[in-house]
Every structure is written in structure tokens, then in C-alpha cells.
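K.L.:
Here you go, this is my_file.txt (compact mmCIF, C-alpha atoms).
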```txt
# COMPACT_ATOMS: atom_id res chain seq x y z
CA MET A 263 -2.27 -189.13 118.55
CA ASN A 264 -3.49 -186.71 121.18
CA ARG A 265 -2.61 -183.07 121.08
CA PRO A 266 1.12 -182.65 121.73
CA ASN A 267 1.99 -180.67 124.81
CA ASP A 268 3.02 -177.04 124.49
CA ASN A 269 6.69 -177.80 124.89
CA THR A 270 6.59 -180.32 122.03
CA LEU A 271 4.68 -177.90 119.83
CA GLU A 272 7.16 -175.17 120.56
CA ARG A 273 10.05 -177.47 119.63
CA TRP A 274 8.14 -178.46 116.49
CA LEU A 275 7.79 -174.81 115.51
CA GLU A 276 11.48 -174.30 116.14
CA GLY A 277 12.33 -177.26 113.90
CA GLU A 278 13.94 -179.10 116.78
CA LEU A 279 11.97 -182.33 116.49
CA GLU A 280 13.46 -185.32 114.72
CA GLY A 281 12.63 -188.88 113.71
CA GLU A 282 9.55 -190.57 115.07
CA GLU A 283 8.54 -187.61 117.22
CA LEU A 284 8.59 -185.27 114.22
CA LEU A 285 6.53 -187.65 112.08
CA GLU A 286 3.92 -187.99 114.83
CA VAL A 287 3.52 -184.25 115.34
CA ASP A 288 3.48 -183.64 111.56
CA ALA A 289 0.71 -186.20 111.15
CA TRP A 290 -1.30 -184.66 113.96
CA ALA A 291 -0.76 -181.10 112.66
CA GLU A 292 -1.86 -182.04 109.15
CA SER A 293 -5.33 -182.82 110.38
CA HIS A 294 -5.42 -180.00 112.92
CA ALA A 295 -3.58 -177.26 111.04
CA GLY A 296 -6.56 -174.90 110.97
CA ASP A 297 -7.24 -175.22 114.70
CA LEU A 298 -3.60 -174.89 115.53
CA ASP A 299 -3.26 -171.78 113.40
CA GLU A 300 -6.30 -170.22 115.06
CA GLU A 301 -4.75 -171.00 118.40
CA PHE A 302 -1.51 -169.30 117.40
CA LYS A 303 -3.40 -166.31 116.05
CA CYS A 304 -5.30 -165.90 119.30
CA GLU A 305 -2.06 -166.15 121.23
CA ILE A 306 -0.72 -163.04 119.53
CA GLY A 307 -4.09 -161.33 119.01
CA TRP A 308 -3.77 -161.55 115.25
CA SER A 309 -7.36 -161.96 114.11
CA ALA A 310 -7.98 -158.22 114.24
CA LEU A 311 -5.49 -157.76 111.41
CA ASP A 312 -6.95 -160.32 109.00
CA ASP A 313 -9.51 -158.01 107.45
CA ASP A 314 -6.97 -155.26 106.99
CA PHE A 315 -4.72 -157.59 105.07
CA LEU A 316 -7.43 -158.84 102.79
CA ALA A 317 -8.59 -155.31 102.06
CA SER A 318 -5.22 -153.77 101.41
CA LEU A 319 -3.41 -156.28 99.21
CA PRO A 320 -4.98 -157.60 96.01
CA ASP A 321 -5.09 -161.36 95.53
CA THR A 322 -5.37 -160.81 91.80
CA GLU A 323 -4.15 -158.02 89.55
CA GLU A 324 -3.99 -157.98 85.78
CA PRO A 325 -0.49 -157.31 84.47
CA PRO A 326 -0.13 -154.13 82.40
CA TYR A 327 -1.06 -154.72 78.72
CA PRO A 328 -2.58 -158.17 79.38
CA ASP A 329 -3.03 -159.05 75.69
CA PHE A 330 0.55 -158.12 75.00
CA PHE A 331 1.50 -160.24 78.03
CA ASN A 332 -0.12 -163.30 76.43
CA SER A 333 1.29 -162.63 72.99
CA LYS A 334 4.84 -162.24 74.35
CA ILE A 335 4.56 -165.63 76.02
CA GLN A 336 3.31 -167.16 72.81
CA GLN A 337 6.11 -165.51 70.86
CA ALA A 338 8.77 -166.78 73.29
CA ILE A 339 7.37 -170.29 73.15
CA SER A 340 7.02 -170.37 69.38
CA GLU A 341 10.59 -169.12 69.01
CA GLY A 342 11.74 -171.74 71.50
CA VAL A 343 13.27 -169.06 73.62
CA VAL A 344 13.04 -170.22 77.19
CA GLN A 345 15.33 -168.10 79.29
CA GLU A 346 17.23 -170.32 81.67
CA ASP A 347 18.79 -167.26 83.20
CA VAL A 348 15.61 -165.89 84.74
CA GLY A 349 15.77 -162.18 85.33
CA GLY A 350 19.54 -162.37 85.28
CA GLU A 351 21.56 -159.79 83.40
CA SER A 352 18.58 -158.44 81.59
CA GLY A 353 19.62 -154.83 81.44
CA SER A 354 19.24 -151.91 83.77
CA SER A 355 16.09 -151.49 85.74
CA LEU A 356 15.60 -148.09 84.11
CA TRP A 357 15.47 -149.74 80.71
CA ARG A 358 13.14 -152.42 81.96
CA ASN A 359 10.86 -149.79 83.47
CA LEU A 360 10.88 -147.81 80.25
CA ARG A 361 10.34 -150.90 78.16
CA LEU A 362 6.74 -151.25 79.27
CA VAL A 363 6.13 -147.81 77.82
CA ILE A 364 8.50 -147.99 74.85
CA LEU A 365 7.29 -151.27 73.35
CA PRO A 366 3.66 -150.26 72.90
CA ALA A 367 4.80 -146.80 71.77
CA ALA A 368 7.09 -148.39 69.16
CA VAL A 369 4.22 -150.52 67.90
CA ALA A 370 2.01 -147.43 67.71
CA ALA A 371 4.73 -145.51 65.86
CA MET A 372 5.11 -148.34 63.34
CA VAL A 373 1.37 -148.41 62.75
CA ALA A 374 1.32 -144.62 62.36
CA PHE A 375 4.23 -144.78 59.91
CA TYR A 376 2.52 -147.50 57.90
CA ALA A 377 -0.72 -145.50 57.86
CA GLY A 378 1.26 -142.45 56.80
CA THR A 379 2.79 -144.26 53.84
CA LYS A 380 -0.66 -145.44 52.80
CA MET A 381 -2.11 -141.93 53.06
CA GLN A 382 0.68 -140.42 50.97
CA GLY A 383 -1.20 -141.05 47.72
CA VAL A 384 -4.02 -138.74 48.82
CA ASP A 385 -1.68 -135.75 48.91
CA GLU A 386 0.24 -136.65 45.79
CA GLY A 387 -0.62 -133.37 44.07
CA VAL A 388 1.05 -131.36 46.83
CA ASP A 389 4.11 -133.64 46.92
CA GLU A 390 4.54 -133.52 43.13
CA GLY A 391 4.77 -129.73 43.26
CA VAL A 392 7.51 -129.94 45.86
CA ASP A 393 9.38 -132.51 43.75
CA ASP A 394 9.20 -130.24 40.70
CA ALA A 395 10.58 -127.31 42.65
CA VAL A 396 13.51 -129.40 43.84
CA ALA A 397 14.17 -130.82 40.37
CA SER A 398 14.28 -127.35 38.84
CA VAL A 399 17.34 -126.32 40.90
CA GLU A 400 20.39 -126.59 38.63
CA ASN A 401 23.51 -128.33 39.84
CA SER A 402 26.58 -126.12 40.12
CA VAL A 403 30.19 -127.14 40.81
CA TYR A 404 32.64 -124.84 42.56
CA VAL A 405 36.10 -124.91 40.93
CA PRO A 406 38.87 -123.11 42.87
CA HIS A 407 41.29 -122.75 39.90
CA SER A 408 40.64 -120.18 37.18
CA GLY A 409 40.54 -121.41 33.62
CA ILE A 410 38.93 -124.71 34.55
CA VAL A 411 35.38 -125.37 33.50
CA ALA A 412 33.09 -127.95 35.07
CA ASP A 413 30.49 -129.47 32.83
CA VAL A 414 27.71 -131.36 34.65
CA SER A 415 25.42 -133.79 32.88
CA GLU A 416 22.77 -135.88 34.60
CA SER A 417 21.04 -139.03 33.50
CA VAL A 418 18.47 -141.16 35.33
CA ASP A 419 21.01 -143.16 37.29
CA ALA A 420 24.26 -141.12 37.18
CA THR A 421 25.70 -137.64 37.44
CA GLU A 422 28.80 -136.96 35.30
CA ILE A 423 31.18 -134.04 35.96
CA VAL A 424 33.82 -133.23 33.30
CA LEU A 425 36.59 -130.80 34.26
CA SER A 426 38.22 -129.06 31.25
CA GLY A 427 41.49 -127.11 31.41
CA LEU A 428 43.35 -129.26 33.96
CA ALA A 429 47.07 -130.04 33.39
CA PRO A 430 47.83 -133.70 32.68
CA ILE A 431 48.77 -135.73 35.76
CA SER A 432 52.45 -136.69 35.69
CA ASP A 433 53.39 -140.36 35.94
CA ASN A 434 55.96 -139.39 38.63
CA LEU A 435 53.34 -137.98 40.95
CA ASP A 436 53.18 -139.96 44.20
CA ILE A 437 49.56 -139.51 45.09
CA ALA A 438 49.87 -141.88 48.05
CA ALA A 439 52.42 -139.53 49.62
CA GLY A 440 50.06 -136.63 49.18
CA GLU A 441 52.02 -134.93 46.38
CA THR A 442 50.15 -132.25 44.50
CA SER A 443 53.03 -131.87 41.98
CA PRO A 444 56.14 -134.08 41.46
CA GLY A 445 58.53 -133.74 44.43
CA ASP A 446 56.09 -131.58 46.39
CA SER A 447 54.77 -133.71 49.24
CA PRO A 448 53.35 -132.13 52.35
CA MET A 449 54.75 -135.10 54.29
CA MET A 450 58.30 -134.14 53.30
CA ALA A 451 57.94 -130.39 53.69
CA ASN A 452 60.31 -128.77 56.15
CA THR A 453 58.04 -126.47 58.00
CA GLN A 454 60.59 -125.60 60.68
CA ALA A 455 62.03 -122.72 58.67
CA GLU A 456 58.58 -121.26 58.11
CA ILE A 457 57.77 -121.05 61.80
CA THR A 458 58.24 -117.56 63.09
CA PRO A 459 59.11 -117.42 66.77
CA LEU A 460 56.45 -115.72 68.77
CA THR A 461 57.68 -112.77 70.71
CA ILE A 462 55.80 -111.76 73.77
CA PHE A 463 56.19 -108.19 74.95
CA MET B 44 9.51 -185.80 68.46
CA ASN B 45 5.99 -185.95 67.07
CA PHE B 46 4.79 -184.37 70.26
CA LEU B 47 7.16 -181.42 69.80
CA ARG B 48 6.17 -181.07 66.16
CA ASN B 49 2.54 -181.13 67.18
CA ILE B 50 3.16 -178.40 69.75
CA ALA B 51 5.06 -176.27 67.25
CA SER B 52 2.33 -176.49 64.66
CA ASN B 53 -0.32 -175.75 67.25
CA VAL B 54 1.61 -172.73 68.48
CA MET B 55 1.70 -171.33 64.98
CA ARG B 56 -1.91 -172.22 64.32
CA ALA B 57 -3.08 -170.79 67.62
CA GLY B 58 -1.73 -167.40 66.64
CA MET B 59 -4.08 -167.33 63.71
CA ASN B 60 -7.03 -169.02 65.32
CA GLN B 61 -6.88 -167.48 68.75
CA GLU B 62 -9.37 -164.73 68.12
CA SER B 63 -11.95 -166.93 66.56
CA SER B 64 -11.38 -169.57 69.22
CA ASP B 65 -11.94 -167.13 72.06
CA ALA B 66 -14.82 -165.41 70.42
CA GLY B 67 -16.57 -168.55 69.35
CA GLU B 68 -18.99 -170.58 71.39
CA GLY B 69 -16.38 -173.23 71.99
CA GLY B 70 -13.91 -170.65 73.37
CA LEU B 71 -11.57 -171.99 76.01
CA SER B 72 -11.31 -168.87 78.10
CA GLY B 73 -14.68 -169.28 79.74
CA SER B 74 -14.90 -170.56 83.29
CA GLU B 75 -16.99 -173.55 82.17
CA VAL B 76 -13.85 -175.43 81.18
CA ASP B 77 -11.91 -176.41 84.28
CA ASP B 78 -8.16 -176.21 84.67
CA ALA B 79 -7.67 -179.96 84.47
CA GLU B 80 -9.33 -180.11 81.05
CA LEU B 81 -7.33 -177.13 79.77
CA VAL B 82 -4.15 -178.72 81.08
CA ARG B 83 -5.00 -181.97 79.32
CA LEU B 84 -5.57 -180.12 76.04
CA ALA B 85 -2.40 -178.06 76.50
CA GLN B 86 -0.41 -181.20 77.19
CA SER B 87 -1.60 -182.61 73.90
CA GLY B 88 -0.16 -179.53 72.18
CA ASP B 89 -3.21 -177.26 72.06
CA TYR B 90 -1.71 -173.80 72.57
CA ALA B 91 -5.12 -172.12 72.70
CA ALA B 92 -5.82 -174.13 75.86
CA PHE B 93 -2.56 -172.99 77.41
CA ASP B 94 -3.34 -169.41 76.43
CA ALA B 95 -6.66 -169.73 78.25
CA LEU B 96 -4.77 -170.93 81.33
CA VAL B 97 -2.46 -167.92 81.06
CA THR B 98 -5.44 -165.57 80.84
CA ARG B 99 -7.09 -167.26 83.80
CA HIS B 100 -4.09 -167.29 86.14
CA ARG B 101 -1.97 -164.32 85.08
CA GLY B 102 -3.72 -161.97 87.52
CA LYS B 103 -2.98 -164.14 90.56
CA VAL B 104 0.58 -164.90 89.50
CA TYR B 105 1.32 -161.25 88.76
CA ALA B 106 -0.26 -160.05 92.01
CA MET B 107 1.70 -162.62 94.01
CA ILE B 108 4.99 -161.60 92.42
CA MET B 109 4.15 -157.92 92.82
CA ASN B 110 3.42 -158.47 96.49
CA MET B 111 6.85 -160.07 96.80
CA ILE B 112 9.07 -157.70 94.83
CA LYS B 113 7.14 -154.41 94.45
CA ASN B 114 8.31 -153.57 90.96
CA ASP B 115 5.92 -153.56 88.00
CA ALA B 116 8.48 -154.17 85.27
CA ASP B 117 10.32 -156.97 87.08
CA ALA B 118 7.03 -158.56 88.14
CA TRP B 119 5.88 -158.50 84.51
CA ASP B 120 9.07 -160.20 83.35
CA LEU B 121 9.03 -162.79 86.13
CA ALA B 122 5.37 -163.61 85.54
CA GLN B 123 6.23 -164.11 81.86
CA ASP B 124 9.07 -166.43 82.80
CA SER B 125 6.81 -168.37 85.12
CA PHE B 126 4.35 -169.13 82.33
CA ILE B 127 7.07 -169.94 79.82
CA LYS B 128 8.63 -172.37 82.28
CA ALA B 129 5.19 -173.79 83.03
CA TRP B 130 4.68 -174.49 79.32
CA LYS B 131 8.07 -176.15 79.16
CA ALA B 132 7.36 -178.29 82.23
CA LEU B 133 3.75 -179.04 81.31
CA PRO B 134 4.46 -182.53 79.91
CA ARG B 135 5.76 -183.47 83.39
CA PHE B 136 2.71 -182.14 85.26
CA GLU B 137 0.77 -185.13 86.58
CA ASN B 138 -2.32 -183.48 88.09
CA ARG B 139 -1.36 -184.62 91.56
CA SER B 140 -1.84 -181.07 92.78
CA LYS B 141 -3.98 -178.22 91.49
CA PHE B 142 -2.61 -176.49 88.41
CA SER B 143 -2.66 -173.17 90.29
CA THR B 144 -0.57 -174.62 93.13
CA TRP B 145 1.92 -176.05 90.65
CA LEU B 146 2.06 -172.72 88.84
CA PHE B 147 2.69 -170.87 92.11
CA ARG B 148 5.48 -173.32 92.86
CA ILE B 149 7.11 -172.39 89.54
CA SER B 150 6.61 -168.67 90.25
CA HIS B 151 8.12 -169.18 93.70
CA ASN B 152 11.26 -170.70 92.13
CA VAL B 153 11.46 -167.98 89.49
CA VAL B 154 11.21 -165.22 92.12
CA TYR B 155 13.76 -166.82 94.47
CA ASP B 156 16.21 -167.41 91.59
CA TRP B 157 15.82 -163.76 90.64
CA MET B 158 16.30 -162.58 94.24
CA ARG B 159 19.37 -164.77 94.67
CA LYS B 160 20.96 -163.43 91.50
CA LYS B 161 20.06 -159.88 92.44
CA LYS B 162 21.64 -160.38 95.85
CA ILE B 163 24.83 -161.81 94.31
CA ARG B 164 25.08 -158.86 91.92
CA SER B 165 24.71 -156.36 94.71
CA GLU B 166 26.86 -158.18 97.24
CA GLY B 167 28.65 -155.72 99.44
CA GLU B 168 26.28 -152.95 98.53
CA LEU B 169 23.16 -151.79 100.29
CA ASP B 170 20.41 -152.82 97.93
CA ASP B 171 17.33 -150.72 98.56
CA GLU B 172 15.29 -152.74 96.10
CA LEU B 173 15.81 -155.92 98.08
CA LEU B 174 15.13 -154.24 101.37
CA GLY B 175 12.07 -152.83 99.73
CA ALA B 176 11.24 -150.33 102.44
CA ASN B 177 11.73 -147.35 100.16
CA GLN B 178 10.18 -148.99 97.13
CA ILE B 179 6.61 -148.48 98.07
CA ASP B 180 4.95 -146.26 95.56
CA MET B 181 1.53 -145.01 96.57
CA SER B 182 0.53 -144.66 92.95
CA ALA B 183 1.67 -148.19 92.07
CA SER B 184 -0.80 -150.24 90.12
CA THR B 185 -1.43 -152.53 93.07
CA ALA B 186 -3.62 -149.80 94.54
CA PRO B 187 -7.22 -150.93 95.02
CA LYS B 188 -9.09 -150.39 91.78
CA GLN B 189 -12.50 -149.38 93.10
CA SER B 190 -13.29 -145.68 93.33
CA LEU B 191 -13.32 -144.46 96.89
CA ARG B 192 -14.10 -141.13 98.44
CA PRO B 193 -10.89 -139.12 98.79
CA ASP B 194 -10.87 -139.52 102.57
CA GLN B 195 -11.48 -143.25 102.26
CA ALA B 196 -8.81 -143.56 99.59
CA MET B 197 -6.34 -141.69 101.76
CA GLU B 198 -7.16 -143.88 104.71
CA GLY B 199 -6.86 -147.02 102.57
CA ASN B 200 -3.57 -145.91 101.09
CA GLU B 201 -2.23 -145.10 104.51
CA LEU B 202 -3.18 -148.53 105.81
CA ARG B 203 -1.79 -150.23 102.75
CA ARG B 204 1.47 -148.35 103.06
CA GLU B 205 1.75 -149.39 106.68
CA ILE B 206 1.07 -153.03 105.92
CA GLU B 207 3.39 -153.13 102.94
CA GLY B 208 6.08 -151.41 104.95
CA ALA B 209 5.66 -153.99 107.70
CA LEU B 210 5.72 -156.86 105.19
CA ASN B 211 8.94 -155.56 103.72
CA LYS B 212 10.59 -155.88 107.09
CA LEU B 213 10.01 -159.62 107.06
CA SER B 214 12.33 -162.15 105.48
CA PRO B 215 11.25 -163.25 101.98
CA GLU B 216 10.18 -166.64 103.35
CA HIS B 217 8.01 -165.11 106.07
CA LYS B 218 6.60 -162.56 103.68
CA GLU B 219 5.68 -165.17 101.09
CA THR B 220 4.08 -167.46 103.66
CA ILE B 221 1.90 -164.71 105.05
CA VAL B 222 0.90 -163.45 101.58
CA LEU B 223 0.03 -166.95 100.35
CA ARG B 224 -2.08 -167.52 103.45
CA GLU B 225 -3.68 -164.16 104.11
CA VAL B 226 -3.94 -162.72 100.61
CA GLN B 227 -4.14 -165.75 98.33
CA GLY B 228 -6.10 -167.76 100.88
CA MET B 229 -4.15 -170.96 100.30
CA ASP B 230 -4.39 -173.82 102.76
CA TYR B 231 -1.35 -174.86 104.76
CA LYS B 232 -0.56 -177.92 102.71
CA GLU B 233 -0.69 -175.94 99.47
CA ILE B 234 1.69 -173.38 100.93
CA ALA B 235 4.06 -176.18 101.92
CA GLU B 236 3.87 -177.50 98.36
CA VAL B 237 4.48 -174.09 96.80
CA MET B 238 7.40 -173.28 99.08
CA GLY B 239 8.87 -176.77 99.06
CA CYS B 240 8.93 -177.15 102.84
CA SER B 241 7.19 -179.12 105.59
CA LEU B 242 3.88 -178.27 107.17
CA GLY B 243 5.67 -177.53 110.42
CA THR B 244 7.88 -175.00 108.67
CA VAL B 245 4.80 -173.31 107.21
CA MET B 246 3.13 -173.10 110.63
CA SER B 247 6.31 -171.87 112.18
CA ARG B 248 6.81 -169.18 109.53
CA LEU B 249 3.21 -168.09 109.85
CA PHE B 250 3.50 -167.87 113.61
CA TYR B 251 6.68 -165.81 113.61
CA ALA B 252 5.68 -163.68 110.63
CA ARG B 253 2.42 -162.75 112.34
CA LYS B 254 4.16 -162.11 115.60
CA LYS B 255 6.63 -159.75 113.97
CA LEU B 256 3.92 -158.00 111.93
CA GLN B 257 1.88 -157.58 115.08
CA GLN B 258 4.83 -155.92 116.79
CA ILE B 259 5.53 -153.64 113.84
CA LEU B 260 1.92 -152.63 113.28
CA LYS B 261 1.03 -152.20 116.93
CA PRO B 262 0.16 -148.51 117.52
```
Would you write the structure of this file as C-alpha cells?
P.N.:
Amino acid sequence: MNRPNDNTLERWLEGELEGEELLEVDAWAESHAGDLDEEFKCEIGWSALDDDFLASLPDTEEPPYPDFFNSKIQQAISEGVVQEDVGGESGSSLWRNLRLVILPAAVAAMVAFYAGTKMQGVDEGVDEGVDDAVASVENSVYVPHSGIVADVSESVDATEIVLSGLAPISDNLDIAAGETSPGDSPMMANTQAEITPLTIF
Amino acid sequence: MNFLRNIASNVMRAGMNQESSDAGEGGLSGSEVDDAELVRLAQSGDYAAFDALVTRHRGKVYAMIMNMIKNDADAWDLAQDSFIKAWKALPRFENRSKFSTWLFRISHNVVYDWMRKKKIRSEGELDDELLGANQIDMSASTAPKQSLRPDQAMEGNELRREIEGALNKLSPEHKETIVLREVQGMDYKEIAEVMGCSLGTVMSRLFYARKKLQQILKP
């Protein structure tokens, strides 16, 4: 096929060609795409901008944390997690922006913590002294009623507190109702009589 | 089933062997092994081969997505998704096109899905991120890496800002066509393959995208 006329090419660009005519122009354009593009570029004086484009936008750019990038892909694949919902409801953009910083920081913090636990043995002497000081503080129990004595005894796995001098608990006491003595429940108390009207002068 | 089991075991094994594989003489990350061979190995369940493909193509995929959406974190996620989907679809890849073209096609779908969902979520609202005009960050990591004199850097940044601003005024289809052609240097047929359209549509988009850019950038 010879070069289509300008009108046909214009209709082709506009997507107005159909059927046989479209197939013919497509076939011609496939083997002349470069020339045609150059022609179009000249028509609008484009060529002067080509170099600017190539210089200003990178054709390749390593993603941040490239090794982490690879390992995340491997992790997702090995876990069989292929997100069908690409980029869908994956959280706020603030979180996603922070995540690039937080994830490596979290890894670093975990490593530092692990290293810290390993280094603890070096300073054991200092830590033991602190432990002794803490252990030497005696337990004390505050008892609000006079005549009642609290006796504290500690073993390896339990602390026992024995209160001496308390009155026996009556079988009639309704603990669930909050009674502190039989018939004396705060839930049944008539507080109305105790309220003194406030007088404002 | 055996194929899947083979892949699973290779994935696990690759984690342990990756370092030695890359460091060794028979490492797969070198440019001496072509994509077709790596694809063949990956299709047989060799994860180290796929990892080499990721390492080889991640820069182009990430740059392409960044040029489209101008957001580091989203571009990182979408590039990840592209490779994960590529791994999933790898058994169906028949080497009829270049691996890079096929991968760009997947990235194209991933980005357009993401843009569609983003548009639906923000329907009725003015979404600055989609318009992109205010998203251009001069300190973004897409800045040219080489050290320039301050005056050159300023001039370069200024030019880049102008071009990116102009690109963001194009429709996503026009923007992608011009980036694939002018930045990635793809031929017209490859662009048609990546974008899933006819050659005529590619030429038409290039023509109108250039025309509009020319108008915007004209002093």
C-alpha cells in the first residue's frame, strides 16, 4: 500500500477508520511507524524537546531499600499471599509513607534489643547490686483499722498476708450487695436525709 | 501439583541459598544470563532465577510507576504487586514478547487498577493526588543522581519541574504513552502491547500528547 493521504491519516489518528480501510492503514503504519512519528514530531516542532525529556526523567531508578524490596516479594510469594485487591484499602497514605521508614527502624530496634540482651551478661555485676538493693526493701502492709496486725511471709513463688484481729464474717452478710456488716448495704442507704440543702447568700 | 510443590520448596530453599548463589561464579544476577533463560529457570520453579529477574527489572518498573503516580510509597507497593503478579502469571508466559514488555504490561494493569480504585474512593471530591499537579516534590528520589554544580542542579530541577508539571496535565493514557516512548525508549509496537491498544491508538496518543506538551511548555 502507498502512503495514505493526509485526510485518511487524520481519520486514522482520530480512530474513525473501520474495516478494510483500517486494516490497510494499520498494516502500512506498522512498517512506517518511525517515519510517521518523525513526520508528526516535525509538524509540531517536537524534536527540540526530546533531549530535555531524556535528561529530566530517569528511565531506571532503584526502589528504596532494594534488598528489602526483593525479600518482601519472596516473603509474599512463599506465604502465598498474592493481593488481588491491588493497592485497594491498604491504609492511609500517611501510614504507607511512614511504613518505608518504620519497617527498617523496627528491624533495627529488634536487632538492637537482641544485642542488648546478649550484652547484659557483661554488666551482670552492676545489675546484681541493683537487684540486691531492691530485694532488701521489706514489704509493708497498710491496715486502716487499729488492733489488726498484718503478717507478711514470702516464699519463692508466693506472698502470703495474714490479718490477725479481724471479726469473723457473718453468714448473713450479703457481700454481693456491698454490705460491710449485716443489713448495712450502701445500695440500700437512704442518703436523701443526709443531704443538706445548699443555701446561697 | 508437583509443579507447585517444586516452586514452594525452591522458594524456601532460595531464601537460604540466595547469598551463595549470587556471590558464586554461577550467580544468576549477572548480565551474562539473558532474560529468556532466567524465565525458563523461574518457570521450572527456580526462585533464585526469578529473584535475579526482579533485581534486573525493578529499577525500570519502579521508575515507570513513579513517573506515572509520583508517590514513593505507592510506587514501591505497586512495583511489589507487579512482580508478585508476574510470578503468579509466569507459568502462562510464552516468550512471544520480551519479558520486560510483558512485565510492563502487568505493571500497567496494576497501576490502572490502583488509579481506578483511587478514583472511585474519592468520587465527588477533588483528588489532588490524581491530578498530581501539586504532588511534585523537588527533593523526591526521582531527582537525577549525579552531582551537579548548584546552578546546574537548580536549572535541571527547574526544567524537570516544568516537564513533570506538564506531564501531569495530560490524561493517564497520554502520559503513559509519552513516558514509554520518550523515557523508556520503547518501540511503538511494544507500547501497543503494554497498553493493550492498537498501533494507531499509540500514534494518535503520541501525537496529541506531544502537541499538548508543546503548548504547555512553550515559553
K.L.:
Using CA of Val411 (chain A) and CA of Ala439 (chain A) as the two end points, give the distance in Å to one decimal.
P.N.:
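Taking CA of Val411 (chain A) as the start and CA of Ala439 (chain A) as the end point, the length is 27.4 Å.
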K.L.:
Do you have, as a tab-separated table, the list of residues of chain B lying at most 7 Å from chain A, each with its nearest atom pair and that distance in Å to one decimal, counting all atoms listed in the file and ordered by chain then number?
P.N.:
```
residue	atom	partner	partner_atom	distance
B:Ala51	CA	A:Ser340	CA	6.6
B:Val54	CA	A:Ser340	CA	6.0
B:Met55	CA	A:Ser340	CA	7.0
B:Asp94	CA	A:Asn332	CA	6.9
B:Val97	CA	A:Asn332	CA	6.9
B:Arg101	CA	A:Glu324	CA	6.7
B:Gly102	CA	A:Glu324	CA	4.4
B:Lys103	CA	A:Thr322	CA	4.3
B:Tyr105	CA	A:Pro325	CA	6.1
B:Ala106	CA	A:Glu323	CA	5.0
B:Ala116	CA	A:Asn359	CA	5.3
B:Trp119	CA	A:Pro325	CA	6.5
B:Leu121	CA	A:Gly349	CA	6.8
B:Gln123	CA	A:Ile335	CA	6.3
B:Asp124	CA	A:Val348	CA	6.8
B:Ile127	CA	A:Ile335	CA	6.3
B:Val153	CA	A:Val348	CA	6.6
B:Trp157	CA	A:Gly349	CA	5.5
B:Lys160	CA	A:Gly350	CA	6.5
B:Thr185	CA	A:Pro320	CA	6.9
B:Arg203	CA	A:Ser318	CA	5.1
B:Glu225	CA	A:Leu316	CA	6.6
B:Val226	CA	A:Asp321	CA	5.4
B:Gln227	CA	A:Asp321	CA	5.3
B:Leu242	CA	A:Asp288	CA	6.9
B:Gly243	CA	A:Leu275	CA	6.1
B:Thr244	CA	A:Leu275	CA	6.8
B:Met246	CA	A:Leu275	CA	7.0
B:Ser247	CA	A:Leu275	CA	4.7
B:Phe250	CA	A:Phe302	CA	6.4
B:Arg253	CA	A:Trp308	CA	6.9
B:Lys254	CA	A:Ile306	CA	6.3
B:Gln257	CA	A:Trp308	CA	6.9
```
K.L.:
Compile the contact shell of region 142-150 of chain B as a list in words: residues with an atom at most 8 Å away, counting only C-alpha atoms, same-chain residues fewer than 3 positions apart removed.
P.N.:
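So the residues in contact are Asp78, Ala79, Val82, His100, Val104, Ile108, Leu121, Ala122, Ser125, Phe126, Lys128, Ala129, Asn138, Val153, Val154, Glu233, Glu236, Val237, Met238 and Gly239 of chain B.
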K.L.:
For the selection just defined, write its residues with C-alpha atoms to a file, as a PDB file, in the frame of the given file.
P.N.:
```pdb
ATOM      1  CA  ASP B  78      -8.160-176.210  84.670  1.00  0.00           C
ATOM      2  CA  ALA B  79      -7.670-179.960  84.470  1.00  0.00           C
ATOM      3  CA  VAL B  82      -4.150-178.720  81.080  1.00  0.00           C
ATOM      4  CA  HIS B 100      -4.090-167.290  86.140  1.00  0.00           C
ATOM      5  CA  VAL B 104       0.580-164.900  89.500  1.00  0.00           C
ATOM      6  CA  ILE B 108       4.990-161.600  92.420  1.00  0.00           C
ATOM      7  CA  LEU B 121       9.030-162.790  86.130  1.00  0.00           C
ATOM      8  CA  ALA B 122       5.370-163.610  85.540  1.00  0.00           C
ATOM      9  CA  SER B 125       6.810-168.370  85.120  1.00  0.00           C
ATOM     10  CA  PHE B 126       4.350-169.130  82.330  1.00  0.00           C
ATOM     11  CA  LYS B 128       8.630-172.370  82.280  1.00  0.00           C
ATOM     12  CA  ALA B 129       5.190-173.790  83.030  1.00  0.00           C
ATOM     13  CA  ASN B 138      -2.320-183.480  88.090  1.00  0.00           C
ATOM     14  CA  VAL B 153      11.460-167.980  89.490  1.00  0.00           C
ATOM     15  CA  VAL B 154      11.210-165.220  92.120  1.00  0.00           C
ATOM     16  CA  GLU B 233      -0.690-175.940  99.470  1.00  0.00           C
ATOM     17  CA  GLU B 236       3.870-177.500  98.360  1.00  0.00           C
ATOM     18  CA  VAL B 237       4.480-174.090  96.800  1.00  0.00           C
ATOM     19  CA  MET B 238       7.400-173.280  99.080  1.00  0.00           C
ATOM     20  CA  GLY B 239       8.870-176.770  99.060  1.00  0.00           C
TER      21      GLY B 239
END
```
K.L.:
Can you measure CA of Asp117 (chain B) to CA of Met158 (chain B) for me? One decimal in Å is fine.
P.N.:
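That distance, rounded to one decimal, is 10.9 Å.
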K.L.:
Find the residues around Asp77 (chain B) up to 12 Å (all atoms listed in the file counted), leave out those fewer than 6 positions away in its own chain, and share them as a short mmCIF file (atom, residue, chain, number, x, y, z; two decimals) with C-alpha atoms, in the coordinates of the input.
P.N.:
```
data_model
loop_
_atom_site.label_atom_id
_atom_site.label_comp_id
_atom_site.auth_asym_id
_atom_site.auth_seq_id
_atom_site.Cartn_x
_atom_site.Cartn_y
_atom_site.Cartn_z
CA LEU B 71 -11.57 -171.99 76.01
CA ARG B 83 -5.00 -181.97 79.32
CA LEU B 84 -5.57 -180.12 76.04
CA ALA B 92 -5.82 -174.13 75.86
CA ALA B 95 -6.66 -169.73 78.25
CA LEU B 96 -4.77 -170.93 81.33
CA ARG B 99 -7.09 -167.26 83.80
CA LYS B 141 -3.98 -178.22 91.49
CA PHE B 142 -2.61 -176.49 88.41
CA SER B 143 -2.66 -173.17 90.29
#
```
K.L.:
Would you mind reading off the distance between CA of Met229 (chain B) and CA of Glu283 (chain A), one decimal, in Å?
P.N.:
26.9 Å
K.L.:
Could you check which of B:Glu207, B:Ser214, B:Lys261, B:Gly88 is closest to Asn110 (chain B), using only C-alpha atoms?
P.N.:
B:Glu207
K.L.:
Can you complete the atoms of region 102-108 of chain B to N, CA and C atoms and list them as a CSV table (one decimal), in the frame of the given file?
P.N.:
```
chain,number,residue,atom,x,y,z
B,102,GLY,N,-3.4,-163.0,86.5
B,102,GLY,CA,-3.7,-162.0,87.5
B,102,GLY,C,-3.2,-162.4,88.9
B,103,LYS,N,-3.4,-163.7,89.2
B,103,LYS,CA,-3.0,-164.1,90.6
B,103,LYS,C,-1.5,-164.2,90.6
B,104,VAL,N,-0.9,-164.7,89.5
B,104,VAL,CA,0.6,-164.9,89.5
B,104,VAL,C,1.2,-163.5,89.6
B,105,TYR,N,0.7,-162.6,88.8
B,105,TYR,CA,1.3,-161.2,88.8
B,105,TYR,C,1.2,-160.6,90.1
B,106,ALA,N,0.0,-160.7,90.7
B,106,ALA,CA,-0.3,-160.0,92.0
B,106,ALA,C,0.7,-160.6,93.1
B,107,MET,N,0.8,-162.0,93.0
B,107,MET,CA,1.7,-162.6,94.0
B,107,MET,C,3.1,-162.1,93.9
B,108,ILE,N,3.6,-162.0,92.6
B,108,ILE,CA,5.0,-161.6,92.4
B,108,ILE,C,5.1,-160.1,92.8
```
